[in-house]
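See structure below.
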Amino acid sequence: MRIRVSLIVLTALFWLARPVTAVGLSGPGGSPAADSGGPPALLPIRSQVAGDTVETQPAPLLVPGRPGPGDTLGPNRPRRAREQYRLGRSLEQMGSPAAAIAAYRSAVRLDPTIPDANLRMGQLFLGHDQLEEAVKCFAAEVLHHPGNVTATRELGLTLARLGETRRAIAQLESLTRRRPNDGDCWQALGFAYLAAKRARAAEIALRRAIVLPPSRADKHRDLGAVLAARGKEREAREQYQRAIALAPRDATSWVNLANLERRDGRLEPALEDYREAERRDSSLALALQGQIETLRDLGRHDEAGAAYRRWLRVQPADHTARLEAVRFFDSIGRRDIGVEVARDGVRQNERSGDAHLLLGMALASAENPRAALSEIRKAEALFTTAAERGRARQLIAGLRAQASDSLRELFAADSAEHAQEVR
């Protein structure tokens, strides 16, 4: 007799799938606000910058009694710093953020007061969601160039994203006092207020922002998100529509409008708005996630499955999305499709431990424990950390615990083969 393992149990050992989210406040620098619940009126925007964590550069080796590597440069240091800064700009334009950061680091080591280098380095870190590193860079820029409005605003926004709302608000309130007619500064302050759960203050700040230059769609979108959070749904819809009128190709306002409709139980209008968002940006996962959840609520499983497939075509390396798809097909009794969806992940990247692990889960759910065990062992071999390998072993332990008598020999042999690795 074969074993039938619940995907719910296996998922708990894999990772928690992300819930459907919606686009919330961005702030003038593109900083997202925190998710406010579901179905939410607001939700954080995922970073659109591809790439892994940017490596920080190690400190140079210093030998006692010898000068540091830059000490012999003397009067050439400012010139060398400018050269490194120009190199960083070139590398940015070439799409090499890690190399650009290394060049900017060299520039500020040679001349800590060089303008703009810390700011640009911070923006690169911000694009990779390395908020702590970004804060350090923005703070250094503000220290040496307190008149740099962009650095001051980015520092406040990033502090708010880190949850340091008191510091963020103090920073941005000071900035709005210095620049009372700058709409970007008021927009940033509105973001910080909302992060601190001061929705009324956020509304006041954003209403000030929309009447000041520059005129941009995201100000109306952000005000709409705050109004939705305050329960002012009619006004929120008006602001979203104004944002759409100003930037008709921006998909995020359509997602926010759809989230508002879905929260109110208006599923068909919500579905059409999500589809409008996808038509404007077919790679926007939030538009596809929203469609899937709405279609599932409507019981339209064939359309939901098609949306999952579109999602995976635009983001084939998103293992969480693939996990959600496998779970969906499992829930409607189409485990065969779930296995193929998981197998596509392995075809996409045969060296991905997560892809093999997910395929193993799907095979286990489809009552093919031998193939499941083989895939999970492949995942274990590909994983590079003890925590990841431990996750694979936990899955195997779960399979073993639910194995029938006919499979005891299979798991006993597997345990004996890998006993040395586990110790």
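Residue numbers start at 1 in each chain; chains themselves are named A, B, ... in the order of the structure tokens; ligands are numbered from 1 in the order shown.
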| message | So that I can check the surroundings of region 274-276 of chain A, please list as a ChimeraX atom specification every protein, DNA and RNA residue that reaches within 10 Å of it, counting only C-alpha atoms and ignoring chain neighbours fewer than 3 positions away. | response | /A:249,251-259,268-271,279-282,286-292,294
Would you tabulate, counting only C-alpha atoms, all residues of region 238-257 of chain A that have an atom at most 8 Å from an atom of region 205-221 of chain A, showing the closest pair of atoms and their distance in Å to one decimal, sorted by chain then ascending number, as a tab-separated table?
```
residue	atom	partner	partner_atom	distance
A:Gln239	CA	A:His220	CA	5.1
A:Tyr240	CA	A:Arg221	CA	5.3
A:Arg242	CA	A:His220	CA	6.6
A:Ala243	CA	A:Ala217	CA	4.3
A:Ile244	CA	A:Ala217	CA	7.1
A:Leu246	CA	A:Ala217	CA	5.4
A:Ala247	CA	A:Ala217	CA	5.9
A:Ser253	CA	A:Arg221	CA	6.1
```
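Each of A:Glu293, A:Glu272, A:Glu238, A:Glu375 was checked against Val339 (chain A) using only C-alpha atoms; the smallest atom-to-atom distance is that of A:Glu375.
Remark: for Leu157 (chain A), the closest of the candidate residues A:Phe329, A:Phe191, A:Trp311, A:Tyr85 is A:Phe191 (distances computed over only C-alpha atoms).
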| request: From a DSSP pass on the backbone, collect the residues of region 277-352 of chain A flagged as alpha helix (DSSP H) and hand them back as a ChimeraX atom specification. | output: /A:277-280,285-297,301-314,319-331,335-348
Selection file, C-alpha atoms, as a PDB file, in the first residue's frame:
```pdb
ATOM      1  CA  ALA A 277      -3.346  45.559 -14.229  1.00  0.00           C
ATOM      2  CA  GLU A 278      -2.019  42.450 -15.963  1.00  0.00           C
ATOM      3  CA  ARG A 279      -2.721  43.962 -19.381  1.00  0.00           C
ATOM      4  CA  ARG A 280      -0.517  46.901 -18.426  1.00  0.00           C
ATOM      5  CA  ALA A 285       2.849  39.082  -9.755  1.00  0.00           C
ATOM      6  CA  LEU A 286       0.388  41.005  -7.585  1.00  0.00           C
ATOM      7  CA  ALA A 287      -2.066  41.293 -10.485  1.00  0.00           C
ATOM      8  CA  LEU A 288      -1.868  37.539 -11.068  1.00  0.00           C
ATOM      9  CA  GLN A 289      -2.077  36.685  -7.375  1.00  0.00           C
ATOM     10  CA  GLY A 290      -5.166  38.840  -7.046  1.00  0.00           C
ATOM     11  CA  GLN A 291      -6.817  37.154 -10.007  1.00  0.00           C
ATOM     12  CA  ILE A 292      -6.063  33.711  -8.618  1.00  0.00           C
ATOM     13  CA  GLU A 293      -7.523  34.442  -5.191  1.00  0.00           C
ATOM     14  CA  THR A 294     -10.612  36.051  -6.724  1.00  0.00           C
ATOM     15  CA  LEU A 295     -11.156  33.190  -9.168  1.00  0.00           C
ATOM     16  CA  ARG A 296     -10.791  30.680  -6.357  1.00  0.00           C
ATOM     17  CA  ASP A 297     -13.370  32.611  -4.333  1.00  0.00           C
ATOM     18  CA  HIS A 301     -10.734  26.694 -10.905  1.00  0.00           C
ATOM     19  CA  ASP A 302      -9.841  26.263 -14.575  1.00  0.00           C
ATOM     20  CA  GLU A 303      -9.228  30.004 -14.918  1.00  0.00           C
ATOM     21  CA  ALA A 304      -7.304  30.079 -11.634  1.00  0.00           C
ATOM     22  CA  GLY A 305      -5.062  27.262 -12.880  1.00  0.00           C
ATOM     23  CA  ALA A 306      -4.406  29.163 -16.108  1.00  0.00           C
ATOM     24  CA  ALA A 307      -3.452  32.247 -14.093  1.00  0.00           C
ATOM     25  CA  TYR A 308      -1.002  30.174 -12.043  1.00  0.00           C
ATOM     26  CA  ARG A 309       0.634  29.003 -15.266  1.00  0.00           C
ATOM     27  CA  ARG A 310       0.943  32.592 -16.541  1.00  0.00           C
ATOM     28  CA  TRP A 311       2.472  33.591 -13.212  1.00  0.00           C
ATOM     29  CA  LEU A 312       5.095  30.868 -13.480  1.00  0.00           C
ATOM     30  CA  ARG A 313       5.881  31.753 -17.080  1.00  0.00           C
ATOM     31  CA  VAL A 314       6.810  35.302 -16.077  1.00  0.00           C
ATOM     32  CA  HIS A 319       9.596  28.690  -5.847  1.00  0.00           C
ATOM     33  CA  THR A 320       6.968  30.125  -3.501  1.00  0.00           C
ATOM     34  CA  ALA A 321       4.662  30.769  -6.451  1.00  0.00           C
ATOM     35  CA  ARG A 322       5.314  27.245  -7.711  1.00  0.00           C
ATOM     36  CA  LEU A 323       4.564  25.840  -4.263  1.00  0.00           C
ATOM     37  CA  GLU A 324       1.271  27.731  -4.198  1.00  0.00           C
ATOM     38  CA  ALA A 325       0.400  26.333  -7.634  1.00  0.00           C
ATOM     39  CA  VAL A 326       1.202  22.758  -6.572  1.00  0.00           C
ATOM     40  CA  ARG A 327      -0.939  23.164  -3.464  1.00  0.00           C
ATOM     41  CA  PHE A 328      -3.791  24.561  -5.553  1.00  0.00           C
ATOM     42  CA  PHE A 329      -3.814  21.657  -7.997  1.00  0.00           C
ATOM     43  CA  ASP A 330      -3.557  19.237  -5.063  1.00  0.00           C
ATOM     44  CA  SER A 331      -6.586  20.890  -3.429  1.00  0.00           C
ATOM     45  CA  ARG A 335      -2.143  16.070  -8.297  1.00  0.00           C
ATOM     46  CA  ASP A 336      -0.929  14.955 -11.714  1.00  0.00           C
ATOM     47  CA  ILE A 337      -0.865  18.590 -12.842  1.00  0.00           C
ATOM     48  CA  GLY A 338       0.801  19.568  -9.573  1.00  0.00           C
ATOM     49  CA  VAL A 339       3.601  17.081 -10.235  1.00  0.00           C
ATOM     50  CA  GLU A 340       4.142  18.498 -13.731  1.00  0.00           C
ATOM     51  CA  VAL A 341       4.197  22.053 -12.394  1.00  0.00           C
ATOM     52  CA  ALA A 342       6.829  20.998  -9.860  1.00  0.00           C
ATOM     53  CA  ARG A 343       8.780  19.083 -12.511  1.00  0.00           C
ATOM     54  CA  ASP A 344       8.866  22.231 -14.657  1.00  0.00           C
ATOM     55  CA  GLY A 345      10.745  23.914 -11.814  1.00  0.00           C
ATOM     56  CA  VAL A 346      13.446  21.247 -11.985  1.00  0.00           C
ATOM     57  CA  ARG A 347      13.617  21.605 -15.765  1.00  0.00           C
ATOM     58  CA  GLN A 348      14.061  25.341 -15.246  1.00  0.00           C
TER      59      GLN A 348
END
```
